[in-house]
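As stored in upload19.tsv (TSV, C-alpha atoms):
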```tsv
chain	number	residue	atom	x	y	z
Q	190	MET	CA	114.12	119.29	136.36
Q	191	ASN	CA	116.00	116.03	136.53
Q	192	GLU	CA	117.30	113.49	134.03
Q	193	SER	CA	114.06	111.49	133.89
Q	194	GLU	CA	112.10	114.66	133.19
Q	195	TYR	CA	114.51	115.49	130.37
Q	196	GLN	CA	113.88	111.99	129.01
Q	197	TYR	CA	110.15	112.69	129.17
Q	198	TRP	CA	110.53	115.91	127.11
Q	199	ARG	CA	112.77	114.03	124.74
Q	200	GLU	CA	110.12	111.34	124.18
Q	201	THR	CA	107.48	114.02	123.79
Q	202	GLY	CA	109.68	115.74	121.22
Q	203	TRP	CA	109.83	112.52	119.18
Q	204	ARG	CA	106.09	112.82	118.53
Q	205	ARG	CA	105.41	116.57	118.42
Q	206	PRO	CA	107.12	119.95	118.87
Q	207	LEU	CA	107.13	121.08	122.51
Q	208	HIS	CA	104.67	123.74	123.60
Q	209	ALA	CA	106.04	127.11	124.69
Q	210	ASP	CA	105.84	126.35	128.43
Q	211	GLU	CA	107.43	122.92	127.90
Q	212	GLU	CA	110.16	124.51	125.81
Q	213	ALA	CA	110.83	127.14	128.52
Q	214	ARG	CA	111.24	124.46	131.20
Q	215	LEU	CA	113.51	122.46	128.93
Q	216	GLN	CA	115.63	125.48	128.14
Q	217	SER	CA	116.13	126.14	131.83
Q	218	TYR	CA	117.28	122.52	132.21
Q	219	LEU	CA	119.67	122.91	129.26
Q	220	ALA	CA	121.05	126.10	130.78
Q	221	SER	CA	122.08	124.16	133.86
Q	222	HIS	CA	123.13	121.09	131.83
Q	223	PRO	CA	124.98	122.42	128.80
Q	224	GLU	CA	126.31	118.92	128.00
Q	225	ALA	CA	122.75	117.92	127.02
Q	226	ARG	CA	122.30	120.81	124.57
Q	227	THR	CA	124.05	119.10	121.64
Q	228	ASP	CA	121.94	116.00	122.13
Q	229	TRP	CA	118.77	118.05	122.32
Q	230	GLU	CA	119.64	120.02	119.20
Q	231	SER	CA	120.31	116.86	117.22
Q	232	GLU	CA	116.99	115.44	118.53
Q	233	VAL	CA	115.12	118.54	117.37
Q	234	GLY	CA	116.93	118.50	114.02
Q	235	LEU	CA	116.13	114.86	113.39
Q	236	SER	CA	112.50	115.35	114.41
Q	237	GLN	CA	112.19	118.28	112.02
Q	238	TRP	CA	113.73	116.32	109.17
Q	239	LEU	CA	111.52	113.35	109.79
Q	240	GLY	CA	108.51	115.64	110.02
Q	241	GLN	CA	109.41	117.29	106.73
Q	242	LEU	CA	109.83	114.07	104.80
Q	243	PRO	CA	107.48	114.42	101.83
Q	244	ASP	CA	104.35	112.31	101.68
Q	245	ALA	CA	104.54	109.33	99.36
Q	246	PRO	CA	102.75	110.26	96.14
Q	247	LEU	CA	99.22	108.95	95.77
Q	248	PRO	CA	97.04	109.18	92.66
Q	249	SER	CA	94.21	111.68	93.00
Q	250	ASN	CA	91.65	108.94	92.26
Q	251	PHE	CA	93.03	106.57	94.89
Q	252	THR	CA	89.81	106.49	96.95
Q	253	ALA	CA	87.79	105.78	93.80
Q	254	GLN	CA	90.18	102.94	92.97
Q	255	VAL	CA	89.71	101.46	96.44
Q	256	LEU	CA	85.93	101.68	96.10
Q	257	GLN	CA	86.14	100.00	92.70
Q	258	ALA	CA	88.26	97.23	94.22
Q	259	VAL	CA	85.63	96.84	96.94
Q	260	ASP	CA	82.91	96.58	94.25
Q	261	ARG	CA	84.92	93.93	92.42
Q	262	GLU	CA	85.43	92.03	95.68
Q	263	GLU	CA	81.72	92.15	96.47
Q	264	ALA	CA	80.83	90.98	92.96
Q	265	ALA	CA	83.30	88.13	93.27
Q	266	ALA	CA	81.83	87.20	96.65
Q	267	ARG	CA	78.32	87.21	95.14
Q	268	ARG	CA	79.56	85.01	92.28
Q	269	ARG	CA	81.10	82.62	94.79
Q	270	VAL	CA	77.81	82.48	96.69
Q	271	SER	CA	75.72	81.96	93.54
Q	272	LEU	CA	78.12	79.28	92.35
Q	273	GLY	CA	77.77	77.57	95.72
Q	274	GLU	CA	73.98	77.83	95.54
Q	275	ARG	CA	73.99	76.43	92.01
Q	276	TRP	CA	76.03	73.48	93.21
Q	277	ALA	CA	73.68	72.95	96.13
Q	278	GLN	CA	70.67	73.06	93.77
Q	279	LEU	CA	72.37	70.64	91.42
Q	280	VAL	CA	73.12	68.28	94.28
Q	281	ARG	CA	69.55	68.57	95.61
Q	282	ARG	CA	68.17	67.64	92.17
Q	283	ALA	CA	70.73	64.96	91.50
Q	284	VAL	CA	70.41	63.12	94.82
Q	285	PRO	CA	67.02	61.34	94.14
Q	286	ARG	CA	68.08	60.50	90.59
Q	287	LEU	CA	71.39	59.27	91.85
Q	288	ALA	CA	69.62	57.17	94.47
Q	289	TRP	CA	67.37	55.55	91.83
Q	290	ALA	CA	70.36	54.96	89.60
Q	291	CYS	CA	72.15	53.32	92.52
Q	292	VAL	CA	69.17	51.04	93.25
Q	293	ILE	CA	68.90	50.00	89.60
Q	294	LEU	CA	72.63	49.44	89.41
Q	295	ALA	CA	72.57	47.42	92.60
Q	296	LEU	CA	69.72	45.25	91.26
Q	297	ALA	CA	71.52	44.77	87.98
Q	298	ILE	CA	74.72	43.78	89.77
Q	299	LEU	CA	72.73	41.41	92.00
Q	300	GLY	CA	71.04	39.84	88.94
Q	301	ILE	CA	74.33	39.38	87.14
Q	302	ARG	CA	75.85	37.90	90.27
Q	303	GLN	CA	72.95	35.47	90.73
Q	304	HIS	CA	73.23	34.44	87.10
Q	305	GLN	CA	76.95	33.87	87.57
Q	306	ILE	CA	76.32	31.77	90.70
Q	307	TYR	CA	73.69	29.70	88.84
Q	308	THR	CA	76.03	29.19	85.87
Q	309	HIS	CA	78.88	28.24	88.17
Q	310	ASP	CA	76.67	25.75	90.03
Q	311	LYS	CA	75.62	24.20	86.76
Q	312	MET	CA	79.18	23.96	85.58
Q	313	ALA	CA	80.22	22.48	88.92
Q	314	LYS	CA	77.51	19.79	88.72
Q	315	GLY	CA	78.61	18.93	85.17
Q	316	LEU	CA	82.16	18.69	86.35
Q	317	ILE	CA	81.14	16.35	89.21
Q	318	GLN	CA	79.36	14.11	86.73
Q	319	VAL	CA	82.40	14.05	84.47
Q	320	THR	CA	84.63	13.33	87.47
Q	321	GLU	CA	82.37	10.47	88.56
Q	322	ALA	CA	82.36	9.09	85.00
Q	323	ALA	CA	86.11	9.14	85.02
Q	324	ASP	CA	86.02	6.79	88.04
Q	325	LEU	CA	84.01	4.04	86.11
Q	326	LYS	CA	85.59	0.64	85.25
Q	327	ASP	CA	87.05	-0.33	81.91
Q	328	PRO	CA	84.38	-0.35	79.13
Q	329	ALA	CA	85.52	-3.95	78.24
Q	330	VAL	CA	83.64	-5.06	81.33
Q	331	PHE	CA	80.46	-4.04	79.60
Q	332	LYS	CA	81.03	-6.36	76.57
Q	333	ASP	CA	78.47	-8.95	77.79
Q	334	PHE	CA	76.42	-6.29	79.55
Q	335	GLU	CA	73.24	-7.10	77.70
Q	336	ALA	CA	73.45	-10.84	78.53
Q	337	ILE	CA	74.33	-10.18	82.13
Q	338	LEU	CA	71.52	-7.71	82.45
Q	339	ARG	CA	69.03	-10.32	81.23
Q	340	LEU	CA	70.30	-13.02	83.57
Q	341	GLY	CA	67.78	-12.14	86.21
Q	342	GLN	CA	64.90	-11.76	83.78
Q	343	MET	CA	62.39	-14.46	82.61
Q	344	PRO	CA	63.98	-16.84	80.09
Q	345	PRO	CA	63.14	-16.06	76.47
Q	346	PRO	CA	60.22	-18.09	74.89
Q	347	ALA	CA	62.62	-19.90	72.60
Q	348	ASP	CA	64.59	-21.16	75.58
Q	349	VAL	CA	61.37	-22.34	77.30
Q	350	GLU	CA	60.30	-24.23	74.18
Q	351	LEU	CA	63.77	-25.82	73.94
Q	352	ASP	CA	63.57	-26.79	77.58
Q	353	VAL	CA	60.14	-28.46	77.08
Q	354	ALA	CA	61.39	-30.36	74.02
Q	355	LEU	CA	64.43	-31.63	75.86
Q	356	ASN	CA	62.31	-32.78	78.78
Q	357	GLU	CA	60.02	-34.77	76.41
Q	358	LEU	CA	62.96	-36.43	74.80
Q	359	SER	CA	64.36	-37.54	78.09
Q	360	LYS	CA	61.12	-39.13	78.98
R	149	MET	CA	75.79	99.52	124.58
R	150	SER	CA	78.96	101.32	125.61
R	151	LYS	CA	79.70	104.67	123.99
R	152	VAL	CA	82.40	104.60	121.32
R	153	THR	CA	84.88	107.39	122.04
R	154	ASP	CA	87.11	106.89	119.00
R	155	PRO	CA	85.37	108.65	116.07
R	156	ASP	CA	87.12	106.36	113.59
R	157	ALA	CA	85.85	103.30	115.45
R	158	ALA	CA	82.36	104.81	115.20
R	159	LEU	CA	82.88	105.19	111.46
R	160	MET	CA	84.06	101.60	111.29
R	161	LEU	CA	80.93	100.43	113.07
R	162	ARG	CA	78.95	102.24	110.38
R	163	VAL	CA	81.02	100.42	107.76
R	164	LYS	CA	80.11	97.21	109.55
R	165	ARG	CA	76.45	98.12	109.04
R	166	GLY	CA	77.16	98.48	105.32
R	167	GLU	CA	77.55	102.26	105.02
R	168	ARG	CA	79.80	102.87	102.06
R	169	ALA	CA	80.13	106.60	102.80
R	170	ALA	CA	81.72	105.87	106.20
R	171	PHE	CA	84.27	103.63	104.52
R	172	GLU	CA	85.04	106.33	101.99
R	173	GLU	CA	85.61	108.78	104.84
R	174	LEU	CA	88.07	106.42	106.51
R	175	VAL	CA	89.96	105.86	103.25
R	176	GLU	CA	90.17	109.61	102.67
R	177	LYS	CA	91.49	110.19	106.18
R	178	TYR	CA	94.05	107.41	106.35
R	179	LYS	CA	95.19	106.81	102.77
R	180	GLN	CA	98.21	109.13	103.11
R	181	PRO	CA	99.53	107.94	106.50
R	182	VAL	CA	99.13	104.31	105.41
R	183	MET	CA	100.78	104.98	102.06
R	184	ASN	CA	103.67	106.75	103.80
R	185	LEU	CA	104.30	103.78	106.06
R	186	VAL	CA	103.91	101.23	103.28
R	187	PHE	CA	106.04	103.15	100.78
R	188	ARG	CA	108.89	103.66	103.24
R	189	THR	CA	108.75	99.96	104.11
R	190	VAL	CA	108.57	98.35	100.65
R	191	ARG	CA	110.32	101.25	98.83
R	192	ASP	CA	108.48	100.62	95.56
R	193	LEU	CA	105.81	103.08	94.50
R	194	THR	CA	103.64	100.68	92.49
R	195	GLU	CA	103.77	97.97	95.13
R	196	ALA	CA	103.15	100.52	97.86
R	197	GLU	CA	100.05	101.77	96.04
R	198	ASP	CA	98.75	98.23	95.53
R	199	LEU	CA	99.47	97.30	99.13
R	200	THR	CA	97.78	100.43	100.46
R	201	GLN	CA	94.72	99.60	98.37
R	202	HIS	CA	94.88	96.07	99.72
R	203	VAL	CA	95.03	97.39	103.30
R	204	PHE	CA	91.73	99.23	102.83
R	205	LEU	CA	90.21	96.26	101.01
R	206	GLN	CA	91.18	94.11	103.98
R	207	VAL	CA	89.57	96.64	106.33
R	208	PHE	CA	86.35	96.45	104.31
R	209	LYS	CA	86.38	92.66	104.16
R	210	SER	CA	87.02	92.41	107.91
R	211	ALA	CA	84.36	94.98	108.79
R	212	HIS	CA	81.73	92.32	109.61
R	213	ARG	CA	83.87	90.97	112.48
R	214	TYR	CA	85.20	94.35	113.68
R	215	GLU	CA	84.88	94.91	117.43
R	216	VAL	CA	85.89	98.11	119.20
R	217	SER	CA	88.71	96.73	121.32
R	218	ALA	CA	91.37	99.33	120.44
R	219	LYS	CA	91.72	102.51	118.44
R	220	PHE	CA	90.79	102.06	114.80
R	221	SER	CA	94.14	103.48	113.67
R	222	THR	CA	95.99	100.86	115.75
R	223	TRP	CA	94.03	98.11	113.98
R	224	LEU	CA	94.56	99.75	110.58
R	225	PHE	CA	98.33	100.17	110.98
R	226	THR	CA	98.59	96.59	112.29
R	227	ILE	CA	96.96	95.38	109.06
R	228	ALA	CA	99.27	97.65	107.04
R	229	ARG	CA	102.37	96.38	108.84
R	230	ASN	CA	101.35	92.73	108.45
R	231	LEU	CA	100.76	93.16	104.73
R	232	CYS	CA	104.14	94.90	104.39
R	233	LEU	CA	105.86	92.07	106.25
R	234	ASN	CA	104.13	89.52	103.99
R	235	GLU	CA	105.35	91.47	100.97
R	236	LEU	CA	108.91	91.60	102.30
R	237	ARG	CA	108.80	87.85	102.99
R	238	ARG	CA	107.43	87.20	99.48
R	239	ARG	CA	110.23	89.33	98.03
R	240	SER	CA	112.88	87.45	99.93
R	241	ARG	CA	111.46	84.20	98.53
R	242	HIS	CA	111.01	85.51	94.95
R	243	PRO	CA	113.43	88.37	94.38
R	244	ALA	CA	112.28	90.37	91.35
R	245	ASP	CA	113.26	93.59	89.62
R	246	SER	CA	111.73	96.75	90.99
R	247	LEU	CA	109.11	98.40	88.80
R	248	ASP	CA	110.79	101.73	89.43
R	249	GLU	CA	113.95	100.57	87.71
R	250	PRO	CA	114.53	102.01	84.23
R	251	ALA	CA	112.74	100.29	81.34
R	252	PRO	CA	115.11	98.70	78.80
R	253	ASP	CA	114.08	100.98	75.91
R	254	HIS	CA	113.98	104.18	78.01
R	255	GLU	CA	117.06	103.55	80.04
R	256	ASP	CA	117.30	106.93	81.65
R	257	GLN	CA	113.64	107.11	82.69
R	258	PRO	CA	111.95	105.10	85.43
R	259	LEU	CA	108.80	103.16	84.49
R	260	ARG	CA	106.70	105.50	86.52
R	261	GLN	CA	107.17	109.13	87.25
R	262	VAL	CA	105.27	111.10	89.82
R	263	GLU	CA	105.35	114.82	89.82
R	264	ASP	CA	106.56	116.35	93.06
R	265	ALA	CA	103.97	118.80	94.27
R	266	LYS	CA	106.54	120.89	96.18
R	267	THR	CA	108.72	123.31	94.28
R	268	PHE	CA	111.96	124.78	95.59
R	269	THR	CA	114.46	127.19	94.23
R	270	PRO	CA	117.41	125.26	92.78
R	271	PRO	CA	119.89	125.51	95.73
R	272	GLU	CA	117.17	124.74	98.28
R	273	ALA	CA	115.91	121.92	96.13
R	274	LEU	CA	119.40	120.45	95.92
R	275	LEU	CA	120.01	120.62	99.65
R	276	HIS	CA	116.53	119.46	100.52
R	277	GLY	CA	116.64	116.67	97.96
R	278	GLU	CA	119.99	115.48	99.25
R	279	LEU	CA	118.76	115.52	102.85
R	280	GLU	CA	115.60	113.63	101.91
R	281	GLU	CA	117.63	111.00	100.10
R	282	LYS	CA	119.96	110.63	103.06
R	283	ILE	CA	117.11	110.31	105.55
R	284	ASP	CA	115.25	107.87	103.32
R	285	ALA	CA	118.39	105.80	102.85
R	286	ALA	CA	119.15	105.85	106.57
R	287	LEU	CA	115.56	104.89	107.39
R	288	ALA	CA	115.69	102.05	104.87
R	289	GLU	CA	118.76	100.63	106.58
R	290	LEU	CA	117.07	100.47	109.98
R	291	PRO	CA	115.65	97.16	111.22
R	292	GLU	CA	111.96	96.88	110.32
R	293	LYS	CA	110.63	97.34	113.87
R	294	GLN	CA	112.76	100.42	114.54
R	295	ARG	CA	111.78	101.96	111.21
R	296	THR	CA	108.06	101.24	111.69
R	297	ALA	CA	108.15	102.60	115.23
R	298	ILE	CA	109.83	105.84	114.06
R	299	LEU	CA	107.47	106.24	111.10
R	300	LEU	CA	104.36	105.66	113.23
R	301	CYS	CA	105.75	108.08	115.80
R	302	ARG	CA	106.26	110.64	113.03
R	303	GLU	CA	102.62	110.34	111.91
R	304	GLY	CA	101.59	111.57	115.36
R	305	GLU	CA	98.29	109.70	115.10
R	306	LEU	CA	99.27	106.99	117.54
R	307	SER	CA	100.39	107.13	121.15
R	308	TYR	CA	103.37	105.08	122.31
R	309	GLU	CA	100.91	102.53	123.73
R	310	ASP	CA	99.21	102.28	120.33
R	311	ILE	CA	102.55	101.90	118.55
R	312	ALA	CA	103.44	99.15	121.00
R	313	LYS	CA	100.20	97.35	120.06
R	314	VAL	CA	100.96	97.65	116.35
R	315	LEU	CA	104.45	96.25	116.90
R	316	ALA	CA	103.16	93.63	119.35
R	317	CYS	CA	105.71	94.54	122.01
R	318	SER	CA	105.79	96.29	125.37
R	319	LEU	CA	105.74	100.04	125.89
R	320	SER	CA	109.32	100.12	127.17
R	321	ALA	CA	110.49	97.96	124.27
R	322	THR	CA	108.77	100.33	121.84
R	323	LYS	CA	110.46	103.39	123.34
R	324	SER	CA	113.74	101.54	123.26
R	325	LEU	CA	113.20	100.70	119.57
R	326	ILE	CA	112.53	104.37	118.78
R	327	HIS	CA	115.52	105.50	120.83
R	328	ARG	CA	117.89	103.05	119.17
R	329	GLY	CA	116.53	103.85	115.72
R	330	ARG	CA	116.89	107.59	116.27
R	331	GLU	CA	120.42	107.16	117.63
R	332	THR	CA	121.37	105.24	114.46
R	333	LEU	CA	119.78	107.95	112.31
R	334	LYS	CA	121.61	110.68	114.22
R	335	GLN	CA	124.92	108.86	113.71
R	336	LYS	CA	124.31	108.47	110.00
R	337	LEU	CA	123.10	112.04	109.53
R	338	LYS	CA	125.64	113.58	111.88
R	339	PRO	CA	127.37	115.70	109.21
R	340	TYR	CA	124.05	117.25	108.20
R	341	LEU	CA	122.85	117.74	111.76
R	342	ALA	CA	126.16	119.41	112.62
R	343	THR	CA	125.68	121.96	109.84
R	344	GLY	CA	122.31	122.92	111.27
R	345	ALA	CA	120.84	122.52	107.78
R	346	TRP	CA	117.50	121.55	109.34
R	347	ARG	CA	117.12	125.06	110.73
R	348	GLY	CA	116.79	126.50	107.24
R	349	SER	CA	114.69	123.71	105.74
R	350	PRO	CA	111.38	124.86	104.30
R	351	ASP	CA	108.20	124.17	106.24
```

Show me the file's structure as structure tokens.
Amino acid sequence: MNESEYQYWRETGWRRPLHADEEARLQSYLASHPEARTDWESEVGLSQWLGQLPDAPLPSNFTAQVLQAVDREEAAARRRVSLGERWAQLVRRAVPRLAWACVILALAILGIRQHQIYTHDKMAKGLIQVTEAADLKDPAVFKDFEAILRLGQMPPPADVELDVALNELSK
Amino acid sequence: MSKVTDPDAALMLRVKRGERAAFEELVEKYKQPVMNLVFRTVRDLTEAEDLTQHVFLQVFKSAHRYEVSAKFSTWLFTIARNLCLNELRRRSRHPADSLDEPAPDHEDQPLRQVEDAKTFTPPEALLHGELEEKIDAALAELPEKQRTAILLCREGELSYEDIAKVLACSLSATKSLIHRGRETLKQKLKPYLATGAWRGSPD
């Protein structure tokens, strides 16, 4: 047996006690390599101690607790699914109503907007008229407006009669 | 369909098909090894119990996507180790008092007491108790990977290749971790090993 084979038995000993034949071969190695005996003994001692470490305490109903936890988890998953389905159903029902509401809202907004545009146009026209009126000449100009307006019209009957009378006198 | 050689993987495939009895069988078989690993990692009984329960819950929840790519126990201990690491990280972020510390109004009693099933005669109990404490303390001081490797090795369920998969490192690195861990333990327990106390320890 050589060093690497000793290492192999050592690694085997970390996981399990050696079988009788393995132990016999190892002992023959240790007989010819006494310097390795202390190391081997401490390896065996440590392995035994580690092997004898007590199990961590577990409640007797541990498995039942795990199964209960699984039940709770499944119930929660079902709730999550049903909640999701309920949302989907709600959305499915709400979509047409929401669409109609959107159409009505859009029409209402359009109507209001049109009304605003019409009102603004009207106001703008009024403002143009006012602006144009502001450009007119002084009202004093219009003092003899009536007389000036009639200048182009037929002379009044009284004026015609006066004209005829004057003509007769001159004759 | 290829034949499943690992009986636990076969059980897990039954769990995948919704068989509760198969899951129960797996919990029964592995609850103690998982609890041992978790308890010696987080060193708090209540948290260890909760985490162990969580490990199996995780197994159940992941059953639908389980594929037989490795031994079931490798997968299980990987889940257990990851949950332990998460717990240790959470603890380092939010350090809190251990639940096993004495309650304020019962100062000499821990919050939780678990009866030890083993009984020893007083001198044996003293020696054995002292050794256990020393080993537990020495294990606790090891780096996480070395401790996990040694504990998984102790369970005997996993091969070195499987342990390497759980630890996500190579086979040689795994053996090196175990070797270094054991050397540290031997150094720390040298006085006890020198007395040969292990020879008389009860089986």

Please list as a ChimeraX atom specification every residue within 10 Å of segment 214-216 of chain Q, counting only C-alpha atoms and excluding residues in the same chain fewer than 4 positions away. /Q:190,194-195,198-199,207,209-210,220-223,226,229

Can you check which residues of chain Q have any atom within 12 Å of chain R? Use only C-alpha atoms and format it as an NGL selection string. :Q and (196-197 or 199-206 or 227-263 or 266)

If I take atom CA of Asn230 of chain R and atom CA of Leu325 of chain R, how far is one from the other in Å, to one decimal? 18.1 Å

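Atom to atom, atom CA of Ala316 of chain R and atom CA of Lys164 of chain R stand 25.3 Å apart.
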
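If you look at atom CA of Pro291 of chain R and atom CA of Lys313 of chain R, they are 17.8 Å away from each other.
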
Written-out segment 191-222 of chain R (C-alpha atoms) as a tab-separated table (two decimals), in the first residue's frame:
```tsv
chain	number	residue	atom	x	y	z
R	191	ARG	CA	-27.86	27.05	15.50
R	192	ASP	CA	-31.37	28.04	16.55
R	193	LEU	CA	-33.90	25.29	17.16
R	194	THR	CA	-37.04	27.25	16.28
R	195	GLU	CA	-35.54	28.73	13.15
R	196	ALA	CA	-34.10	25.36	12.18
R	197	GLU	CA	-37.54	23.76	12.50
R	198	ASP	CA	-39.17	26.52	10.44
R	199	LEU	CA	-36.45	26.35	7.81
R	200	THR	CA	-36.67	22.56	7.57
R	201	GLN	CA	-40.42	22.87	7.08
R	202	HIS	CA	-39.77	25.51	4.46
R	203	VAL	CA	-37.30	23.20	2.67
R	204	PHE	CA	-40.00	20.55	2.24
R	205	LEU	CA	-42.57	23.17	1.28
R	206	GLN	CA	-40.16	24.37	-1.39
R	207	VAL	CA	-39.73	20.79	-2.60
R	208	PHE	CA	-43.51	20.45	-2.91
R	209	LYS	CA	-43.90	23.79	-4.68
R	210	SER	CA	-41.09	22.95	-7.12
R	211	ALA	CA	-42.40	19.44	-7.81
R	212	HIS	CA	-44.16	20.49	-11.04
R	213	ARG	CA	-40.83	21.46	-12.64
R	214	TYR	CA	-38.75	18.62	-11.14
R	215	GLU	CA	-36.62	16.73	-13.65
R	216	VAL	CA	-34.46	13.73	-12.80
R	217	SER	CA	-31.06	15.24	-13.54
R	218	ALA	CA	-29.32	14.28	-10.28
R	219	LYS	CA	-30.02	12.36	-7.11
R	220	PHE	CA	-33.05	13.64	-5.25
R	221	SER	CA	-31.02	14.05	-2.05
R	222	THR	CA	-28.52	16.28	-3.87
```
